[in-house]
Each structure stands twice: as C-alpha cells, then as structure tokens.
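Next comes work_31.txt, a file with compact mmCIF, C-alpha atoms (C1' of nucleotides).
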```txt
# COMPACT_ATOMS: atom_id res chain seq x y z
CA MET A 225 97.95 107.81 165.71
CA LYS A 226 96.14 109.80 163.10
CA PHE A 227 93.91 112.44 164.53
CA ILE A 228 93.44 114.54 161.44
CA THR A 229 92.75 112.70 158.18
CA ARG A 230 93.74 113.94 154.79
CA ASP A 231 90.30 115.27 153.86
CA THR A 232 90.28 117.42 156.95
CA ASP A 233 93.81 118.51 156.28
CA TYR A 234 93.15 119.48 152.66
CA ALA A 235 89.93 121.19 153.67
CA LEU A 236 91.74 123.31 156.22
CA ARG A 237 94.40 124.26 153.70
CA ALA A 238 91.84 125.19 151.09
CA LEU A 239 89.87 127.27 153.56
CA MET A 240 92.99 129.00 154.79
CA PHE A 241 93.96 129.80 151.22
CA MET A 242 90.55 131.26 150.55
CA ALA A 243 90.51 133.25 153.77
CA LYS A 244 93.95 134.66 153.10
CA ASN A 245 93.03 135.87 149.61
CA GLY A 246 89.94 137.71 150.76
CA ARG A 247 88.32 137.37 147.32
CA GLU A 248 84.81 136.16 146.70
CA VAL A 249 84.64 133.05 144.53
CA PHE A 250 87.34 130.42 144.00
CA THR A 251 87.32 127.49 141.62
CA VAL A 252 88.55 124.06 142.62
CA ASP A 253 91.24 124.33 140.00
CA GLU A 254 92.85 127.48 141.26
CA ILE A 255 92.94 126.23 144.84
CA ALA A 256 94.31 122.88 143.72
CA ARG A 257 96.96 124.58 141.62
CA ASP A 258 98.07 126.97 144.34
CA GLN A 259 98.04 124.45 147.15
CA ARG A 260 99.22 121.56 144.99
CA LEU A 261 96.40 119.27 145.95
CA PRO A 262 94.83 116.55 143.78
CA ARG A 263 92.02 118.27 141.89
CA VAL A 264 89.34 115.64 141.75
CA PHE A 265 89.82 114.76 145.37
CA LEU A 266 89.79 118.39 146.43
CA ARG A 267 86.64 118.88 144.45
CA ARG A 268 84.85 116.24 146.47
CA ILE A 269 86.14 117.87 149.61
CA LEU A 270 84.81 121.28 148.66
CA GLN A 271 81.51 119.69 147.74
CA ALA A 272 81.36 118.22 151.22
CA LEU A 273 82.11 121.61 152.72
CA ALA A 274 79.25 123.01 150.67
CA LYS A 275 76.91 120.27 151.87
CA GLY A 276 78.09 121.06 155.36
CA LYS A 277 77.01 124.68 154.84
CA MET A 278 80.46 126.13 155.29
CA LEU A 279 80.76 127.09 151.64
CA ALA A 280 78.30 128.21 149.02
CA SER A 281 78.78 126.78 145.57
CA TYR A 282 77.95 128.21 142.16
CA LYS A 283 77.58 125.99 139.15
CA GLY A 284 78.30 126.92 135.59
CA LYS A 285 80.82 129.18 133.97
CA GLU A 286 82.35 131.69 136.38
CA GLY A 287 81.17 129.42 139.16
CA GLY A 288 83.10 128.16 142.15
CA PHE A 289 82.99 128.24 145.91
CA SER A 290 82.76 131.05 148.41
CA PHE A 291 82.42 131.19 152.17
CA SER A 292 78.88 131.07 153.40
CA VAL A 293 80.14 131.45 156.96
CA GLN A 294 82.81 133.94 157.92
CA PRO A 295 86.22 132.30 158.31
CA GLY A 296 86.27 133.67 161.83
CA ARG A 297 83.23 131.59 162.66
CA ILE A 298 84.34 128.30 161.16
CA ARG A 299 85.88 126.20 163.88
CA VAL A 300 88.39 123.43 163.33
CA THR A 301 85.93 121.10 165.04
CA ASP A 302 83.30 121.94 162.42
CA ILE A 303 85.63 120.74 159.70
CA ILE A 304 86.70 117.64 161.59
CA ARG A 305 83.05 116.82 162.16
CA ILE A 306 82.29 116.99 158.44
CA PHE A 307 85.02 114.56 157.44
CA GLN A 308 85.58 112.39 160.45
CA GLY A 309 82.39 112.69 162.40
CA ASP A 310 82.13 113.94 165.95
CA ILE A 311 85.33 113.81 167.90
CA ASP A 312 84.82 110.80 170.09
CA LEU A 313 87.77 109.28 171.83
CA THR A 314 85.59 107.00 173.92
CA HIS A 315 85.06 104.27 171.33
CA CYS A 316 87.39 102.07 173.24
CA PHE A 317 86.33 98.59 174.13
CA VAL A 318 85.10 97.20 170.86
CA GLY A 319 81.59 95.95 171.23
CA LYS A 320 81.70 97.21 174.81
CA ARG A 321 81.62 93.65 176.07
CA ILE A 322 83.76 94.47 179.03
CA CYS A 323 82.02 97.68 179.95
CA HIS A 324 79.05 96.26 181.86
CA ASN A 325 79.04 99.25 184.10
CA ARG A 326 79.28 101.89 181.45
CA LYS A 327 77.84 104.48 183.74
CA THR A 328 80.28 103.97 186.54
CA CYS A 329 83.34 102.99 184.52
CA ALA A 330 86.22 105.19 185.57
CA PHE A 331 87.98 104.82 182.26
CA ARG A 332 84.97 105.95 180.33
CA LYS A 333 84.50 108.91 182.63
CA LYS A 334 88.08 109.88 182.13
CA LEU A 335 87.81 109.46 178.38
CA ASN A 336 84.68 111.55 178.38
CA SER A 337 86.28 114.40 180.21
CA ILE A 338 89.29 114.25 177.93
CA ASN A 339 86.97 114.29 175.00
CA GLN A 340 85.14 117.34 176.23
CA MET A 341 88.40 119.12 176.78
CA VAL A 342 89.66 118.33 173.29
CA ASN A 343 86.42 119.55 171.79
CA ARG A 344 86.42 122.69 173.87
CA GLU A 345 89.98 123.57 172.95
CA LEU A 346 89.72 122.81 169.25
CA GLY A 347 86.42 124.64 169.22
CA LYS A 348 88.30 127.80 170.11
CA ILE A 349 90.34 127.74 166.91
CA THR A 350 88.82 129.12 163.74
CA ILE A 351 90.08 129.29 160.18
CA GLU A 352 90.91 132.91 160.74
CA GLY A 353 92.82 131.99 163.83
CA LEU A 354 94.98 129.67 161.76
CA LEU A 355 96.29 132.38 159.48
CA MET B 20 87.57 108.43 165.02
CA LYS B 21 89.42 105.46 166.42
CA PHE B 22 91.57 106.32 169.35
CA ILE B 23 92.06 102.83 170.74
CA THR B 24 92.86 100.05 168.26
CA ARG B 25 91.89 96.45 168.70
CA ASP B 26 95.33 95.30 169.88
CA THR B 27 95.25 97.85 172.66
CA ASP B 28 91.70 96.90 173.48
CA TYR B 29 92.44 93.17 173.66
CA ALA B 30 95.60 93.83 175.63
CA LEU B 31 93.68 95.83 178.20
CA ARG B 32 91.06 93.11 178.52
CA ALA B 33 93.65 90.41 178.90
CA LEU B 34 95.52 92.39 181.53
CA MET B 35 92.34 93.17 183.40
CA PHE B 36 91.44 89.51 183.40
CA MET B 37 94.84 88.58 184.75
CA ALA B 38 94.75 91.28 187.39
CA LYS B 39 91.29 90.28 188.54
CA ASN B 40 92.26 86.63 189.00
CA GLY B 41 95.31 87.40 191.10
CA ARG B 42 97.00 84.14 190.08
CA GLU B 43 100.52 83.83 188.85
CA VAL B 44 100.80 82.40 185.36
CA PHE B 45 98.19 82.41 182.62
CA THR B 46 98.32 80.74 179.23
CA VAL B 47 97.14 82.42 176.07
CA ASP B 48 94.50 79.77 175.70
CA GLU B 49 92.79 80.31 179.00
CA ILE B 50 92.67 84.05 178.55
CA ALA B 51 91.38 83.67 175.00
CA ARG B 52 88.75 81.22 176.14
CA ASP B 53 87.52 83.32 179.02
CA GLN B 54 87.56 86.61 177.19
CA ARG B 55 86.50 85.12 173.85
CA LEU B 56 89.34 86.62 171.92
CA PRO B 57 91.00 85.11 168.83
CA ARG B 58 93.81 82.94 170.17
CA VAL B 59 96.54 83.42 167.65
CA PHE B 60 96.00 87.14 167.56
CA LEU B 61 95.94 87.38 171.32
CA ARG B 62 99.13 85.40 171.46
CA ARG B 63 100.92 87.98 169.38
CA ILE B 64 99.52 90.65 171.61
CA LEU B 65 100.81 89.00 174.77
CA GLN B 66 104.16 88.51 173.09
CA ALA B 67 104.26 92.22 172.42
CA LEU B 68 103.41 92.94 176.04
CA ALA B 69 106.28 90.67 177.03
CA LYS B 70 108.65 92.48 174.68
CA GLY B 71 107.38 95.71 176.18
CA LYS B 72 108.40 94.41 179.62
CA MET B 73 104.92 94.49 181.04
CA LEU B 74 104.68 90.71 181.19
CA ALA B 75 107.17 87.92 181.79
CA SER B 76 106.80 84.85 179.62
CA TYR B 77 107.65 81.23 180.30
CA LYS B 78 108.11 78.78 177.48
CA GLY B 79 107.41 75.10 177.60
CA LYS B 80 104.88 72.99 179.39
CA GLU B 81 103.27 74.79 182.31
CA GLY B 82 104.46 78.00 180.74
CA GLY B 83 102.51 81.16 180.11
CA PHE B 84 102.55 84.82 181.01
CA SER B 85 102.65 86.66 184.29
CA PHE B 86 102.90 90.31 185.26
CA SER B 87 106.42 91.58 185.49
CA VAL B 88 105.10 94.96 186.61
CA GLN B 89 102.34 95.31 189.17
CA PRO B 90 98.97 96.02 187.58
CA GLY B 91 98.82 99.14 189.69
CA ARG B 92 101.87 100.45 187.90
CA ILE B 93 100.87 99.70 184.33
CA ARG B 94 99.31 102.77 182.84
CA VAL B 95 96.88 102.81 179.95
CA THR B 96 99.34 105.02 178.12
CA ASP B 97 102.01 102.33 178.43
CA ILE B 98 99.76 99.90 176.61
CA ILE B 99 98.72 102.39 173.97
CA ARG B 100 102.36 103.18 173.38
CA ILE B 101 103.22 99.53 172.76
CA PHE B 102 100.55 99.04 170.09
CA GLN B 103 99.98 102.45 168.62
CA GLY B 104 103.12 104.35 169.43
CA ASP B 105 103.26 107.55 171.42
CA ILE B 106 100.03 109.44 171.64
CA ASP B 107 100.54 112.25 169.21
CA LEU B 108 97.60 114.26 168.03
CA THR B 109 99.78 116.84 166.35
CA HIS B 110 100.37 114.94 163.10
CA CYS B 111 98.09 117.31 161.34
CA PHE B 112 99.16 118.97 158.18
CA VAL B 113 100.45 116.11 156.10
CA GLY B 114 103.97 116.81 155.02
CA LYS B 115 103.83 120.02 156.99
CA ARG B 116 103.96 122.03 153.80
CA ILE B 117 101.66 124.64 155.20
CA CYS B 118 103.33 124.86 158.55
CA HIS B 119 106.25 127.15 157.69
CA ASN B 120 106.11 128.68 161.09
CA ARG B 121 105.92 125.51 163.09
CA LYS B 122 107.29 127.19 166.15
CA THR B 123 104.79 129.99 166.23
CA CYS B 124 101.80 128.15 164.77
CA ALA B 125 98.85 128.61 167.11
CA PHE B 126 97.18 125.44 165.97
CA ARG B 127 100.22 123.36 166.70
CA LYS B 128 100.59 124.96 170.11
CA LYS B 129 97.00 124.15 170.87
CA LEU B 130 97.39 120.59 169.65
CA ASN B 131 100.49 120.23 171.74
CA SER B 132 98.80 121.34 174.90
CA ILE B 133 95.84 119.07 174.20
CA ASN B 134 98.24 116.25 173.63
CA GLN B 135 99.98 116.83 176.92
CA MET B 136 96.67 116.91 178.69
CA VAL B 137 95.52 113.64 177.14
CA ASN B 138 98.77 111.97 178.07
CA ARG B 139 98.64 113.31 181.59
CA GLU B 140 95.10 112.16 182.17
CA LEU B 141 95.45 108.71 180.61
CA GLY B 142 98.71 108.33 182.46
CA LYS B 143 96.73 108.46 185.69
CA ILE B 144 94.75 105.32 184.89
CA THR B 145 96.30 101.95 185.58
CA ILE B 146 95.12 98.41 184.92
CA GLU B 147 94.22 98.17 188.57
CA GLY B 148 92.25 101.34 188.30
CA LEU B 149 90.18 99.80 185.52
CA LEU B 150 88.86 96.95 187.63
C1' DT C 8 75.25 126.88 121.56
C1' DT C 9 79.52 126.38 123.60
C1' DT C 10 82.34 126.32 127.49
C1' DA C 11 83.59 126.27 132.17
C1' DA C 12 82.21 125.28 136.21
C1' DT C 13 79.94 122.07 140.22
C1' DG C 14 76.80 117.62 141.62
C1' DA C 15 76.70 112.89 142.10
C1' DT C 16 78.37 108.54 142.10
C1' DA C 17 80.80 104.47 140.89
C1' DC C 18 85.20 102.79 140.61
C1' DT C 19 90.32 101.67 141.67
C1' DA C 20 94.59 101.88 144.50
C1' DA C 21 97.09 101.99 148.59
C1' DA C 22 97.67 101.62 153.38
C1' DA C 23 96.40 100.19 157.87
C1' DT C 24 94.19 96.92 160.69
C1' DA C 25 92.77 92.35 161.93
C1' DG C 26 93.55 87.81 161.95
C1' DT C 27 95.73 82.97 160.48
C1' DA C 28 99.27 79.48 159.69
C1' DT C 29 103.32 77.36 160.72
C1' DC C 30 107.69 75.97 162.24
C1' DA C 31 111.30 76.56 165.84
C1' DA C 32 112.67 76.57 170.64
C1' DT C 33 111.88 75.41 175.30
C1' DT C 34 110.47 72.91 179.45
C1' DA C 35 107.75 69.87 182.64
C1' DT C 36 106.67 65.35 183.33
C1' DA C 37 105.35 60.53 182.40
C1' DT D 170 114.37 60.40 176.92
C1' DA D 171 110.21 61.04 174.38
C1' DT D 172 106.08 63.56 174.39
C1' DA D 173 103.09 67.16 174.99
C1' DA D 174 102.24 71.81 176.04
C1' DT D 175 103.64 75.96 175.89
C1' DT D 176 105.86 80.67 173.86
C1' DG D 177 109.04 83.00 169.87
C1' DA D 178 109.26 84.49 165.37
C1' DT D 179 107.66 85.46 161.07
C1' DA D 180 105.33 85.12 156.78
C1' DC D 181 100.98 85.14 154.96
C1' DT D 182 95.85 86.37 153.98
C1' DA D 183 91.61 89.01 154.65
C1' DT D 184 89.11 93.02 155.75
C1' DT D 185 88.39 97.76 156.33
C1' DT D 186 89.54 102.43 155.83
C1' DT D 187 91.64 106.04 153.44
C1' DA D 188 93.09 108.22 149.27
C1' DG D 189 92.40 109.22 144.84
C1' DT D 190 90.35 108.77 139.77
C1' DA D 191 86.88 108.66 136.12
C1' DT D 192 82.81 110.05 134.23
C1' DC D 193 78.40 111.65 133.15
C1' DA D 194 74.77 114.95 134.49
C1' DT D 195 73.50 119.67 135.53
C1' DT D 196 73.94 124.50 135.47
C1' DA D 197 74.90 129.19 133.97
C1' DA D 198 77.68 132.86 131.62
C1' DA D 199 79.05 134.65 127.38
```

As a first step, turn the structure in this file into structure tokens.
Amino acid sequence: MKFITRDTDYALRALMFMAKNGREVFTVDEIARDQRLPRVFLRRILQALAKGKMLASYKGKEGGFSFSVQPGRIRVTDIIRIFQGDIDLTHCFVGKRICHNRKTCAFRKKLNSINQMVNRELGKITIEGLL
Amino acid sequence: MKFITRDTDYALRALMFMAKNGREVFTVDEIARDQRLPRVFLRRILQALAKGKMLASYKGKEGGFSFSVQPGRIRVTDIIRIFQGDIDLTHCFVGKRICHNRKTCAFRKKLNSINQMVNRELGKITIEGLL
DNA sequence: TTTAATGATACTAAAATAGTATCAATTATA
DNA sequence: TATAATTGATACTATTTTAGTATCATTAAA
C-alpha cells in the first residue's frame, strides 16, 4: 500500500536538503548530485513545487530554485497535495454503485473521520520538523 | 490516492451481498449477476477469500461459497489485508536512504501512530456493520 | 553572444492493476 | 456411470499509473 509516491518522496528530500543548507538558491543539478536523484525527473518535480508556490524559480545563468515559503511553514500535506492530490481515503466503492445511502453510510463516515485525522496529523509536520 | 483497490471493493460487495441474503451457499455466477461484477475476476477474488479462510468453498455441482466466519466477525481490515497486504502507510522514503535515524525520526513516528489509528478504526467495522 | 539555468511538453519504460482464458479436479444427479 | 455444474490453479493479455528521458524554447548573467 503506497501512501507516498516517488515524486512526493523526492520532493521532500530535495526540500529537506535545501532547508538544511540554509543557502539561498539551488540548482536542480546540485540537489540531484547530492541526493543522488535522477536529474530530469527531479527537475520536473521542482518545477511542480514552483507552480505550487512553494519554491521560487530563477531562469538563466546563476538561476535555480529557492524557498518562497519558509520551510517551517511548508507542511507535508502541502507536498502530498501537489503530487498526489488531496488526501482522500474515501474513494472506496468504485463508481459508488453500492453506496446508495452515501450520507448515512457508516463506512464512509468512518473513512471520513480517519481521513480528517490523517490530514490533521500530517498537517502538523513541516519540512523544518523533518530535519 | 487509492486506498481501496478493486479486488477489495468487489470482495466487500460480494460479502455484503451474501450477508444480506442470509442463505448458505452462493455460486460465483449468481453473485456476479446480481452485483454486475466480471465473473472470472470475481471468481479469483472468492478463491482468495477462501484461501484467506473467510469463506468455505464447495466444488462440483451444487457447489459454491459460504461464510466460514460470521459476517459480524469479518473486519474490513481482514479483507484489505488479503488483497493489499497489511495497511502500512509508513513506506515513505523509498529505499530509506534519508532515514538514517529511523528510530528517532519524527515523521516515521507520526506515520506509525496514524497507521495504528487507521488500523484500529477500520478494525471496528465488520461486513455486518456495512449493511 | 555564449553559456547555464528553468519552462513546457511529448515521449518511452516499467510496474501495478484489472481482467480473460483454459484446463484440471470434484461432486450431485439423471 | 456419464454428464453437467461447479471451484482450483495458473498463465496470459490489456489497461492504467508511475517513473523516468529527451528535447526544444525561454531567460538572464557574464
């Protein structure tokens, strides 16, 4: 059961690396080298983080990526959301054919409360907290 | 984020159907027909449930499947376990390269406690409880 | 103007999931 | 005892998702 996909994983590693080395701007290449991650793939990941407003990006020579949000304010759930969408454990009964009574369904209620709990707890952990 | 795969889903539906129609023995075909599930696939699913000791199976004419555990004692987690393995949300950092300090890692601790909670809560719901 | 960076996007590869096909073994019953 | 109706086992195919590559365009510093 895969809860964290590789994009999320690599993103977290990259962000942790950046946070640890409190510098300003990092290029894809230096992160990839240090963390031993596939460059081109990592690049797309950092681009996504930039689109998701977690990082700022600078094109051209001497360019790279820097935090646009403090590492202490980036939650694990924010990263998961960018790569895997909202955490939603309630996509259970495919097509929902069985769930006529979605509002009263005990299973769904239970899944919902579990879901909230997972979100709440993961929302407490930030990049900084991971160091 | 897919928490429940299709096997698990179909298995739950089939079991709910069986539990609802308190009869003894059901054939794959009648369950498939009623629930509109792909027969051959469903068959493999019921076979797995039999291997997992949730159902008893009877070969030959007039054969089929029946509960070998009361529906009130079959937990959702039992079914998930059969098709998706143990619920484990802690498979995070691929290869664990980053997690030197696995014992002290705050993230892992958090994931572990979330995991326990999910298991505990889903362990409270049985097939009977889903009806 | 060159070089070192990201932006965007199309493509390929690998793995997981979903589903089919088929033959063997078993059992009730005509 | 032969037949038909079932599950057991297993190999195969198809689809979808995940992982990763290739490449050209754009930007900006030196």

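Proximity to D:DC193 was assessed for C:DA31, C:DG14, C:DG26, C:DT36 counting all atoms listed in the file; the smallest distance is recorded for C:DG14.
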
Contact table chain C vs stretch 53-59 of chain B, cut-off 12 Å, shortest pair per residue, only C-alpha atoms (C1' of nucleotides), as CSV:
```
residue,atom,partner,partner_atom,distance
C:DA25,C1',B:Pro57,CA,10.2
C:DG26,C1',B:Val59,CA,7.8
C:DT27,C1',B:Val59,CA,7.2
C:DA28,C1',B:Val59,CA,9.3
C:DT29,C1',B:Val59,CA,11.4
```

C:DA21: which residues within 10 Å, counting all atoms listed in the file, same-chain residues fewer than 4 positions away excluded, as a list of chain:residue names? D:DT187, D:DA188, D:DG189

For the contact check between chain B and chain C, emit one row per residue of chain B within 9 Å, containing the shortest atom pair and the distance in Å rounded to one decimal, counting all atoms listed in the file, chain then rising number order, as a tab-separated table.
```
residue	atom	partner	partner_atom	distance
B:Thr24	CA	C:DT24	C1'	8.3
B:Arg25	CA	C:DA25	C1'	8.0
B:Asp26	CA	C:DA25	C1'	8.9
B:Pro57	CA	C:DG26	C1'	7.8
B:Val59	CA	C:DT27	C1'	7.2
B:Phe60	CA	C:DG26	C1'	6.2
B:Tyr77	CA	C:DT33	C1'	8.8
B:Lys78	CA	C:DT33	C1'	5.5
B:Gly79	CA	C:DT34	C1'	4.2
B:Lys80	CA	C:DA35	C1'	5.3
B:Glu81	CA	C:DA35	C1'	6.7
B:Gly82	CA	C:DT34	C1'	8.0
```

Put those residues in a file: C-alpha atoms, as an mmCIF file, keeping the file's coordinate frame.
```cif
data_model
loop_
_atom_site.group_PDB
_atom_site.id
_atom_site.type_symbol
_atom_site.label_atom_id
_atom_site.label_comp_id
_atom_site.auth_asym_id
_atom_site.auth_seq_id
_atom_site.Cartn_x
_atom_site.Cartn_y
_atom_site.Cartn_z
ATOM 1 C CA THR B 24 92.860 100.050 168.260
ATOM 2 C CA ARG B 25 91.890 96.450 168.700
ATOM 3 C CA ASP B 26 95.330 95.300 169.880
ATOM 4 C CA PRO B 57 91.000 85.110 168.830
ATOM 5 C CA VAL B 59 96.540 83.420 167.650
ATOM 6 C CA PHE B 60 96.000 87.140 167.560
ATOM 7 C CA TYR B 77 107.650 81.230 180.300
ATOM 8 C CA LYS B 78 108.110 78.780 177.480
ATOM 9 C CA GLY B 79 107.410 75.100 177.600
ATOM 10 C CA LYS B 80 104.880 72.990 179.390
ATOM 11 C CA GLU B 81 103.270 74.790 182.310
ATOM 12 C CA GLY B 82 104.460 78.000 180.740
#
```

Have a look at B:Glu49, B:Asp97, B:Glu43, B:Asp107 and name the one nearest to chain A; count all atoms listed in the file.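 Closest candidate: B:Asp107.
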
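Minimum distance to chain D across A:Gln308, A:Gly296, A:Ala243, A:Phe291 (counting all atoms listed in the file) occurs at A:Gln308.
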
Using atom CA of A:Ala238 and atom CA of A:Glu345 as the two end points, give the distance in Å to one decimal.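 Those two atoms sit 22.0 Å apart.
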
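Relative to atom CA of A:Met240, atom CA of A:Asp310 is found at 21.7 Å.
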
Distance in Å - atom CA of A:Arg247 versus atom CA of B:Phe126: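 Those two atoms sit 23.8 Å apart.
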
Per residue of chain A within 9 Å of chain B, what are the shortest atom pair and its distance in Å to one decimal, counting all atoms listed in the file, with rows by chain and residue number, as CSV?
```
residue,atom,partner,partner_atom,distance
A:Met225,CA,B:Asp107,CA,6.2
A:Lys226,CA,B:His110,CA,6.7
A:Phe227,CA,B:Leu108,CA,5.4
A:Ile228,CA,B:Cys111,CA,5.4
A:Thr229,CA,B:Cys111,CA,7.7
A:Arg230,CA,B:Val113,CA,7.2
A:Thr232,CA,B:Cys111,CA,9.0
A:Asp233,CA,B:Phe112,CA,5.7
A:Tyr234,CA,B:Phe112,CA,8.2
A:Leu236,CA,B:Phe112,CA,8.8
A:Arg237,CA,B:Ile117,CA,7.4
A:Gln259,CA,B:Ile117,CA,8.8
A:Gln308,CA,B:Met20,CA,6.4
A:Gly309,CA,B:Met20,CA,7.2
A:Asp310,CA,B:Met20,CA,7.8
A:Ile311,CA,B:Met20,CA,6.5
A:Asp312,CA,B:Met20,CA,6.2
A:Leu313,CA,B:Phe22,CA,5.4
A:Thr314,CA,B:Phe22,CA,7.6
A:His315,CA,B:Lys21,CA,6.7
A:Cys316,CA,B:Ile23,CA,5.4
A:Phe317,CA,B:Asp28,CA,5.7
A:Val318,CA,B:Asp28,CA,7.1
A:Ile322,CA,B:Arg32,CA,7.4
A:Cys329,CA,B:Leu149,CA,7.6
A:Ala330,CA,B:Leu149,CA,6.7
A:Phe331,CA,B:Leu149,CA,6.4
A:Lys334,CA,B:Glu140,CA,7.4
A:Leu335,CA,B:Leu141,CA,8.0
A:Ile338,CA,B:Val137,CA,6.3
A:Asn339,CA,B:Val137,CA,8.8
A:Met341,CA,B:Ile133,CA,7.9
A:Val342,CA,B:Ile133,CA,6.3
A:Glu345,CA,B:Lys129,CA,7.3
A:Leu346,CA,B:Lys129,CA,7.6
A:Ile349,CA,B:Phe126,CA,7.3
A:Gly353,CA,B:Ala125,CA,7.7
A:Leu354,CA,B:Phe126,CA,6.4
A:Leu355,CA,B:Cys124,CA,8.7
```

Exercise answer, chain D residues close to chain B, 9 Å and only C-alpha atoms (C1' of nucleotides), as a list in words: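 Written out as asked, the residues are DA173, DA174, DT175, DT176 and DG177 of chain D.
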
Would you save the residues from that selection as a PDB file, keeping the file's coordinate frame, using C-alpha atoms (C1' of nucleotides)?
```
ATOM      1  C1'  DA D 173     103.090  67.160 174.990  1.00  0.00           C
ATOM      2  C1'  DA D 174     102.240  71.810 176.040  1.00  0.00           C
ATOM      3  C1'  DT D 175     103.640  75.960 175.890  1.00  0.00           C
ATOM      4  C1'  DT D 176     105.860  80.670 173.860  1.00  0.00           C
ATOM      5  C1'  DG D 177     109.040  83.000 169.870  1.00  0.00           C
TER       6       DG D 177
END
```

Build an axis-aligned box that encloses every atom of stretch 176-193 of chain D listed in the file, pad it by 6 Å on each side, and report its centre and edge lengths in Å to one decimal, as AutoDock Vina command-line options.
```
--center_x 93.8 --center_y 96.2 --center_z 153.5 --size_x 42.9 --size_y 43.0 --size_z 52.7
```

Quick one: residues within 12 Å of (103.1, 95.4, 188.6) (file frame), counting all atoms listed in the file, please, as a list of chain:residue names. B:Leu34, B:Met37, B:Ala38, B:Gly41, B:Glu43, B:Lys72, B:Met73, B:Leu74, B:Ala75, B:Ser85, B:Phe86, B:Ser87, B:Val88, B:Gln89, B:Pro90, B:Gly91, B:Arg92, B:Ile93, B:Arg94, B:Thr145, B:Ile146, B:Glu147

I need the residue nearest A:Gly276 from this list: A:Ile306, A:Arg344, A:Lys333, A:Ala235. Use all atoms listed in the file for the distance.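 So, comparing all the options, the nearest one is A:Ile306.
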